[in-house]
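Quick notes on the structure that follows.
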Amino acid sequence: MKLATHACLTLALTTVASTIAAGEALPPSWSASQSALEAIPTYEVAGPDYAALWEEDNQRASMGQPWRFAVPTKAAITAATSGAWNLTPEGRLLWQVRIVARDAMHLNFGFEHWALPPSARVWLSSARGDHVRGPWDQSTNDTHGEFWTPFVWGDDVIIEIEVDIAERHLIEQDVQLTWINVGYRGFDPPDLPDQRGSSESCNVDVMCPLGDNWWDEIPSVGVYSLSGYWTCTGALINNTLQDERMLFLTADHCGINTGNDQTMVVYWNHQNSTCRTGSASGNNGNGHYNDYSSGVTWKVDASSTDCCLVEINSDPNDSWELTWSGWNRSSSTPSEGVSIHHPATAEKRISSVEDIYSYNAWGYNFWRVNWDQGRTAGGSSGSPLFDGNNRIIGQLYGGWSYCTNDDDDVYGRSLSVSWNSLKPYLDPNNSNATTLDSWNPTANEGACCLVGGQCIVGPESACDTVGGTYNGNGSDCSDVDCDEPDETGACCVGTTCIDNLTSTVCYSGGGDYQGDGSNCSSTDCGDDPPGDIVIKSVISAQDAVDGVTNDWTVDLYAVVDDGWRIDAVAGTESQPKTISCSTSFYQHQFGGPTSMDINPNLYGAFPNLPHDSRVTIGALDASGDPFPANELQNINIDWTTFENGGDLSVTNGTWFILPSEDQGEAREFVSGDCDTQHGVLIARLTAIGHNATVTFDGLLQGRDASNEPWQQVASSTITWSQTNDCNANGVPDSCDIANGTSEDANGDGVPDECNTCPGDLDGSGTVDVDDILACIAGFGTDYTVDDILTVLANFGNDC
């Protein structure tokens with residue numbers, strides 16, 4: 001029997017966000033020389049003995065023990081006894097130590113003494129320079145006096161603490177590293193593609209159609225580590241106050257108690273960006289581990305139903321968009337449902353119920369489940385079981401199901417059987433509710449205008465209770481005027497019309513407000529230009545993204561006459577704007593949907609970032625390159641699907657610049673078909689797979705050379721083609737040769753100045769008699785005495 005890990009319902013989850021931004025947020029070691037890195041003192045522990053660990057894990061699985069991913073090693077490292085202190089150029093002190101465990105996949109750390117002073121900042125980073133956590137500050141201090149970190153990929157990790165000189169002694173006395181956890185499986189790094197998404201292939205990604213009706217519940221589910229070396233799954237669970245209390249339900253057998261609850265680290269939103277089918281579902285995924293919470297407080301458990309409830313010790317980052325799952329405590333047996341889980345720490349999966357029935361064994365009260373689509377695995381323990389109405393009815397204890405069989409799994413009936421233990425937390429106002437729906441803050445809250453002009457954010461029911469005016473789900477106080485609600489109307493941004501904008505929003509975006517109550521159906525925002533606007537492409541890179549196979553990056557230009565400009569790319573109800581890919585777009589975790597989100601200062605640290613898919617007008621990134629600045633804005637665009645690698649579809653929004661901005665002006669460029677023309681860059685997109693097809697459809701607007709506005713629908717379909725630019729002049733080699741800029745004497749498709757094999761005139765890869773004969777045959781026309789001397793000087797060389 002495979003046993004699901006033992007977890008508790010978590011209250012008040014401690015959230016510590018990992019951030020990487022330009023400049024000061026990066027650890028000092030990332031700007032240090034190689035010699036400086038090598039000078040950092042090293043503390044080495046034993047690396048994993050993989051053969052012995054696999055054997056132990058097989059035995060552990062047979063005994064139903066929790067899924068292990070690391071080996072804990074006791075330590076006693078402080079800044080007073082290990083590492084080295086140095087003075088920074090800013091006059092602060094920097095303590096550094098390197099922790100090495102040879103051949104480990106990843107490392108995480110337990111600081112059982114942790115009390116940072118006000119000036120301190122702490123980082124963890126891989127010595128190879130591809131993964132960083134932090135910076136953390138005094139806000140991570142808690143009542144336990146401990147801090148357990150998320151993992152860092154690699155077997156060589158640098159710990160860095162920067163502090164004011166006056167507070168050095170506080171670091172030396174109040175911060176102690178006591179556990180080094182050496183990872184050997186799970187949480188796999190992207191350079192191990194055969195292991196990272198190690199779920200059985202029959203398991204179903206939450207991005208697949210099976211998950212479509214579960215997006216109020218999917219974000220509530222997280223995978224967690226305990227004591228740095230166990231792992232299970234659990235879920236945030238709603239309570240009748242619906243106050244977003246960080247209660248987290250998991251399985252009791254995962255082992256959470258008052259002695260180790262502070263060691264728990266929960267990872268959110270770890271899911272693949274696309275739906276993988278067939279064998280691909282068991283392969284490498286692209287889920288991230290950037291959203292995490294550290295430290296919880298144990299609340300209650302019930303061994304008879306194998307449930308555990310904990311409270312996470314800090315609030316989540318709003319950008320994580322977490323949800324709280326509802327519940328059903330009735331004893332009736334549902335006829336359908338799903339489980340959402342993390343098998344073996346892999347990307348989040350969803351399994352659908354074929355049959356479910358009540359089951360009592362070993363003195364426990366269970367649901368026994370047979371699956372239709374998907375299964376579970378080690379690490380799925382503690383994951384929620386939902387009924388057909390999207391409400392939790394239990395959590396995974398264990399089972400026998402694998403892709404190769406049709407066996408059952410077993411879930412503790414916590415909500416019905418153990419309700420008396422859970423009730424103080426899940427029904428704090430004694431409503432005696434039998435069921436409670438899920439809570440999605442994004443979908444269920446909005447701005448509420450109170451008498452006197454005050455604005456608060458909350459659910460519509462609460463707004464009605466206090467006699468307020470509710471402004472709709474998803475609205476924010478920064479968007480509304482509670483003193484006198486603004487009227488809306490049509491807005492002309494150039495020749496593009498957008499409905500239902502306030503005058504303030506319209507004018508701030510450089511638009512022309514058409515009056516309160518106006519609409520686009522009766523508004524004329526300008527004329528179309530003569531002729532068609534053509535979209536042309538330039539493939540700027542191929543196979544350039546590390547860790548991705550057969551990727552290609554394409555720049556899309558709107559071709560217009562010299563002196564013309566582009567001011568907006570829009571989508572309307574009658575002309576939707578769509579950017580799509582037949583496979584998926586590459587999206588970097590530190591990029592964003594527009595060029596304003598691309599920080600070029602991070603290119604050195606993250607070589608894949610330049611290939612992040614983004615839209616723009618003229619400028620390539622936030623610096624404005626090749627213009628002095630980037631002033632791109634956008635209105636009414638939901639970027640969620642695009643940022644997850646999917647398509648971008650817009651029916652009432654636009655990205656735009658003001659007509660006074662230089663970046664909208666047409667510039668000369670050479671397209672992939674070797675034509676030299678003028679145009680404006682509107683997108684850089686990286687498609688995954690040489691067989692991918694990229695399409696663009698949208699409404700362009702701008703001004704001609706006489707400053708008259710125009711708008712035009714444009715579309716294009718782009719496929720991959722081999723391209724090289726060996727002399728780095730921004731023009732494909734084939735175009736250099738075709739337009740006479742470069743010669744190709746040997747006909748190898750490479751400009752002569754780029755050939756790296758002198759004397760190999762026929763491109764055979766060897767300088768031989770055939771090259772001498774070619775020189776003689778073409779002497780006086782194609783070749784000179786210098787060419788003959790070059791052949792003789794390199795005769796016999798293999799290229």
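We name chains A, B, ... following the order of the structure tokens; residues begin at 1 in each chain, and ligands are numbered from 1 as shown.
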
Spatial neighbours of A:Thr594, max dist 8 Å, only C-alpha atoms, sep filter under 6 positions, as an mmCIF file with N, CA, C and O atoms, in the first residue's frame:
```cif
data_model
loop_
_atom_site.group_PDB
_atom_site.id
_atom_site.type_symbol
_atom_site.label_atom_id
_atom_site.label_comp_id
_atom_site.auth_asym_id
_atom_site.auth_seq_id
_atom_site.Cartn_x
_atom_site.Cartn_y
_atom_site.Cartn_z
ATOM 1 N N ARG A 614 6.832 38.721 -25.219
ATOM 2 C CA ARG A 614 6.228 39.972 -24.760
ATOM 3 C C ARG A 614 5.715 40.774 -25.937
ATOM 4 O O ARG A 614 6.149 40.562 -27.078
ATOM 5 N N VAL A 615 4.775 41.706 -25.670
ATOM 6 C CA VAL A 615 4.298 42.620 -26.698
ATOM 7 C C VAL A 615 4.909 43.986 -26.446
ATOM 8 O O VAL A 615 5.394 44.287 -25.351
ATOM 9 N N THR A 616 4.864 44.851 -27.451
ATOM 10 C CA THR A 616 5.518 46.146 -27.319
ATOM 11 C C THR A 616 5.048 47.079 -28.420
ATOM 12 O O THR A 616 4.270 46.697 -29.295
#
```

Taking 4 positions as the minimum chain separation for residues in the same chain, which residues sit within 7 Å of stretch 218-222 of chain A when counting only C-alpha atoms? Answer as a ChimeraX atom specification.
/A:214,233-236,266-269,322-325,340

Residues of stretch 98-166 of chain A that approach stretch 239-260 of chain A to 12 Å or less, counting only C-alpha atoms: could you list each one with the shortest pair of atoms and its distance in Å to one decimal, rows by chain and increasing residue number, as CSV?
```
residue,atom,partner,partner_atom,distance
A:Gly110,CA,A:Asn260,CA,11.0
A:Glu112,CA,A:Asn260,CA,10.7
A:His144,CA,A:Gly259,CA,10.1
A:Glu146,CA,A:Asn260,CA,10.4
A:Phe147,CA,A:Asn260,CA,11.4
A:Trp148,CA,A:Asn260,CA,10.5
```

Using only C-alpha atoms for the distances, tell me which of A:Thr583, A:Ser339, A:Gln663, A:Asn691 is nearest to A:Ala619.
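Under the stated criterion, the closest residue is A:Gln663.
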
As a ChimeraX atom specification, please: every residue in stretch 50-239 of chain A that a backbone DSSP assignment puts in strand (DSSP E).
/A:67-68,70-78,84-87,93-101,106-111,113-114,121-126,132-136,147-148,152-153,156-163,175-183,204-205,221-226,230-236

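Here the helix (DSSP H, G or I) residues in stretch 76-274 of chain A, by DSSP on the backbone, are Gln138, Ser139, Thr140, Ile165, Ala166, Glu167, Arg168, His169, Leu170, Ile171, Glu172, Gln173, Asp174, Pro209, Leu210, Gly211, Asp212, Asn213, Trp214, Ile218, Pro219, Ser220, Asp252, His253, Cys254, Asp261, Gln262 and Thr263 of chain A.
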
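Shortest separation to A:Glu347 among A:Arg68, A:Arg276, A:Arg329, A:Lys74 occurs at residue A:Arg276, atoms counted being only C-alpha atoms.
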
I need the residue nearest A:Leu87 from this list: A:Pro28, A:Ala51, A:Ala570, A:Val175. Use only C-alpha atoms for the distance.
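Of A:Pro28, A:Ala51, A:Ala570, A:Val175, the one nearest A:Leu87, counting only C-alpha atoms, is A:Pro28.
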
Between A:Thr781, A:Thr274, A:Asn58, A:Ser119, single out the one closest to A:Leu170, counting only C-alpha atoms.
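Nearest candidate to A:Leu170 out of A:Thr781, A:Thr274, A:Asn58, A:Ser119: A:Ser119.
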
Compile the contact shell of stretch 709-716 of chain A as a short mmCIF file (atom, residue, chain, number, x, y, z; two decimals) with C-alpha atoms, in the first residue's frame: residues with an atom at most 10 Å away, counting only C-alpha atoms, same-chain residues fewer than 6 positions apart removed.
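In the end it all went to selection_14.cif:
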```
data_model
loop_
_atom_site.label_atom_id
_atom_site.label_comp_id
_atom_site.auth_asym_id
_atom_site.auth_seq_id
_atom_site.Cartn_x
_atom_site.Cartn_y
_atom_site.Cartn_z
CA VAL A 493 -7.23 56.04 -28.58
CA GLY A 494 -6.04 57.18 -31.99
CA THR A 495 -8.48 55.50 -34.35
CA THR A 496 -9.29 52.69 -31.90
CA CYS A 525 -12.47 57.45 -34.29
CA GLY A 526 -10.76 57.96 -37.66
CA ASP A 527 -10.12 56.68 -41.16
CA ASP A 528 -8.25 53.67 -42.48
CA PRO A 529 -4.94 54.29 -44.29
CA PRO A 530 -4.65 53.62 -48.00
CA GLY A 531 -3.49 50.09 -48.80
CA ASP A 532 -2.85 47.22 -46.40
CA ILE A 533 -0.61 47.17 -43.35
CA VAL A 534 1.59 44.07 -43.56
CA ILE A 535 3.09 42.17 -40.61
CA LYS A 536 6.61 40.88 -41.33
CA SER A 537 8.84 38.77 -39.15
CA LEU A 556 6.95 40.94 -35.42
CA ALA A 558 4.11 46.28 -38.61
CA TRP A 564 4.53 56.94 -40.29
CA ARG A 565 4.09 55.59 -36.77
CA ILE A 566 2.18 53.03 -34.66
CA ASP A 567 0.47 54.28 -31.49
CA ALA A 568 -1.74 51.33 -30.45
CA VAL A 569 -2.46 47.65 -31.02
CA ALA A 570 -6.05 46.95 -30.04
CA GLY A 571 -8.77 44.35 -29.90
CA GLN A 575 -12.09 42.80 -34.39
CA PRO A 576 -10.57 40.74 -31.56
CA LYS A 577 -6.84 40.87 -31.10
CA THR A 578 -5.19 37.46 -30.94
CA ILE A 579 -1.61 36.25 -30.61
CA PRO A 659 1.48 60.06 -30.03
CA VAL A 694 2.56 31.65 -34.62
CA THR A 695 -0.38 33.82 -35.68
CA PHE A 696 -1.21 37.49 -35.14
CA ASP A 697 -4.50 39.28 -35.74
CA GLY A 698 -5.17 42.77 -34.48
CA LEU A 699 -6.28 46.32 -35.07
CA LEU A 700 -3.38 48.73 -35.55
CA GLN A 701 -3.69 52.47 -35.24
CA GLY A 702 -1.25 55.31 -35.72
CA ARG A 703 -0.53 58.47 -37.68
#
```

Taking into account only C-alpha atoms, which residue in the set A:Ser431, A:Asn601, A:Ser580, A:Ser358 is nearest to A:Ile718?
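For A:Ile718, the nearest of the given residues is A:Ser580.
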
Give me the residues within 12 Å of A:Gln138 as a list in words, counting only C-alpha atoms and dropping any in the same chain fewer than 4 places off.
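Near A:Gln138, the qualifying residues are Val16, Trp114, Ala115, Leu116, Pro117, Pro118, Ser119, Ala120, Arg121, Val122, Asp142, Gly145, Phe147, Ile161, Val163, Ile171 and Val175 of chain A.
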
A:Trp439, A:Asn286, A:Glu445, A:Ser227: which is nearest A:Gly645, counting only C-alpha atoms?
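Ranked by minimum distance to A:Gly645, first place goes to A:Asn286.
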
If we count only C-alpha atoms, what is near A:Ser294 at a cut-off of 12 Å, once residues fewer than 3 positions away on the same chain are taken out, given as a PyMOL selection string?
chain A and resi 10+12-18+109-111+136+139-142+144+146-151+224-228+261-268+291+297+311-316

Contacts of A:Asn634 at 8 Å or less, counting only C-alpha atoms, minus same-chain residues fewer than 2 places along, as a PyMOL selection string?
chain A and resi 632+636-637+653-656

Using N, CA and C atoms, can you write the selected residues to a file as a CSV table (one decimal), in the first residue's frame?
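To be explicit, this is the file written out as selection-v6.csv:
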```
chain,number,residue,atom,x,y,z
A,632,LEU,N,5.4,52.4,-22.7
A,632,LEU,CA,4.2,51.6,-23.1
A,632,LEU,C,3.2,51.5,-22.0
A,636,ASN,N,-7.3,47.2,-20.0
A,636,ASN,CA,-8.4,46.1,-20.2
A,636,ASN,C,-7.8,44.9,-20.9
A,637,ILE,N,-6.6,44.4,-20.5
A,637,ILE,CA,-6.1,43.2,-21.0
A,637,ILE,C,-5.8,42.2,-19.9
A,653,GLY,N,-9.6,45.9,-25.4
A,653,GLY,CA,-8.4,46.4,-24.7
A,653,GLY,C,-7.3,46.8,-25.7
A,654,THR,N,-6.3,47.4,-25.2
A,654,THR,CA,-5.2,47.8,-26.1
A,654,THR,C,-3.9,48.0,-25.4
A,655,TRP,N,-2.7,47.8,-26.0
A,655,TRP,CA,-1.5,48.3,-25.5
A,655,TRP,C,-1.1,49.5,-26.4
A,656,PHE,N,-0.6,50.5,-25.8
A,656,PHE,CA,-0.5,51.8,-26.6
A,656,PHE,C,0.6,52.7,-26.0
```

Would you kindly return, as a ChimeraX atom specification, each protein, DNA or RNA residue with an atom no farther than 12 Å from any atom of A:Gly624, considering only C-alpha atoms and excluding same-chain residues fewer than 3 positions away?
/A:594-600,616-621,627-632,661-664,681

Could the residues of stretch 87-204 of chain A that have an atom at most 10 Å from stretch 363-373 of chain A be listed as a tab-separated table, each with its closest atom pair and the distance in Å to one decimal, counting only C-alpha atoms and ordered by chain and ascending residue number?
```
residue	atom	partner	partner_atom	distance
A:Cys202	CA	A:Gln373	CA	7.5
A:Asn203	CA	A:Gln373	CA	7.3
A:Val204	CA	A:Gln373	CA	7.3
```

How would the residues just chosen look if you wrote them out with N, CA and C atoms as a tab-separated table (two decimals), in the first residue's frame?
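The new file selection.tsv reads:
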```tsv
chain	number	residue	atom	x	y	z
A	202	CYS	N	-0.16	8.80	-16.80
A	202	CYS	CA	-1.62	8.84	-16.86
A	202	CYS	C	-2.19	9.98	-16.03
A	203	ASN	N	-1.37	10.62	-15.20
A	203	ASN	CA	-1.86	11.73	-14.39
A	203	ASN	C	-2.12	12.97	-15.25
A	204	VAL	N	-3.07	13.79	-14.83
A	204	VAL	CA	-3.63	14.85	-15.68
A	204	VAL	C	-3.25	16.22	-15.13
```

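Atom CA of A:Gln96 is positioned 16.3 Å from atom CA of A:Asn108.
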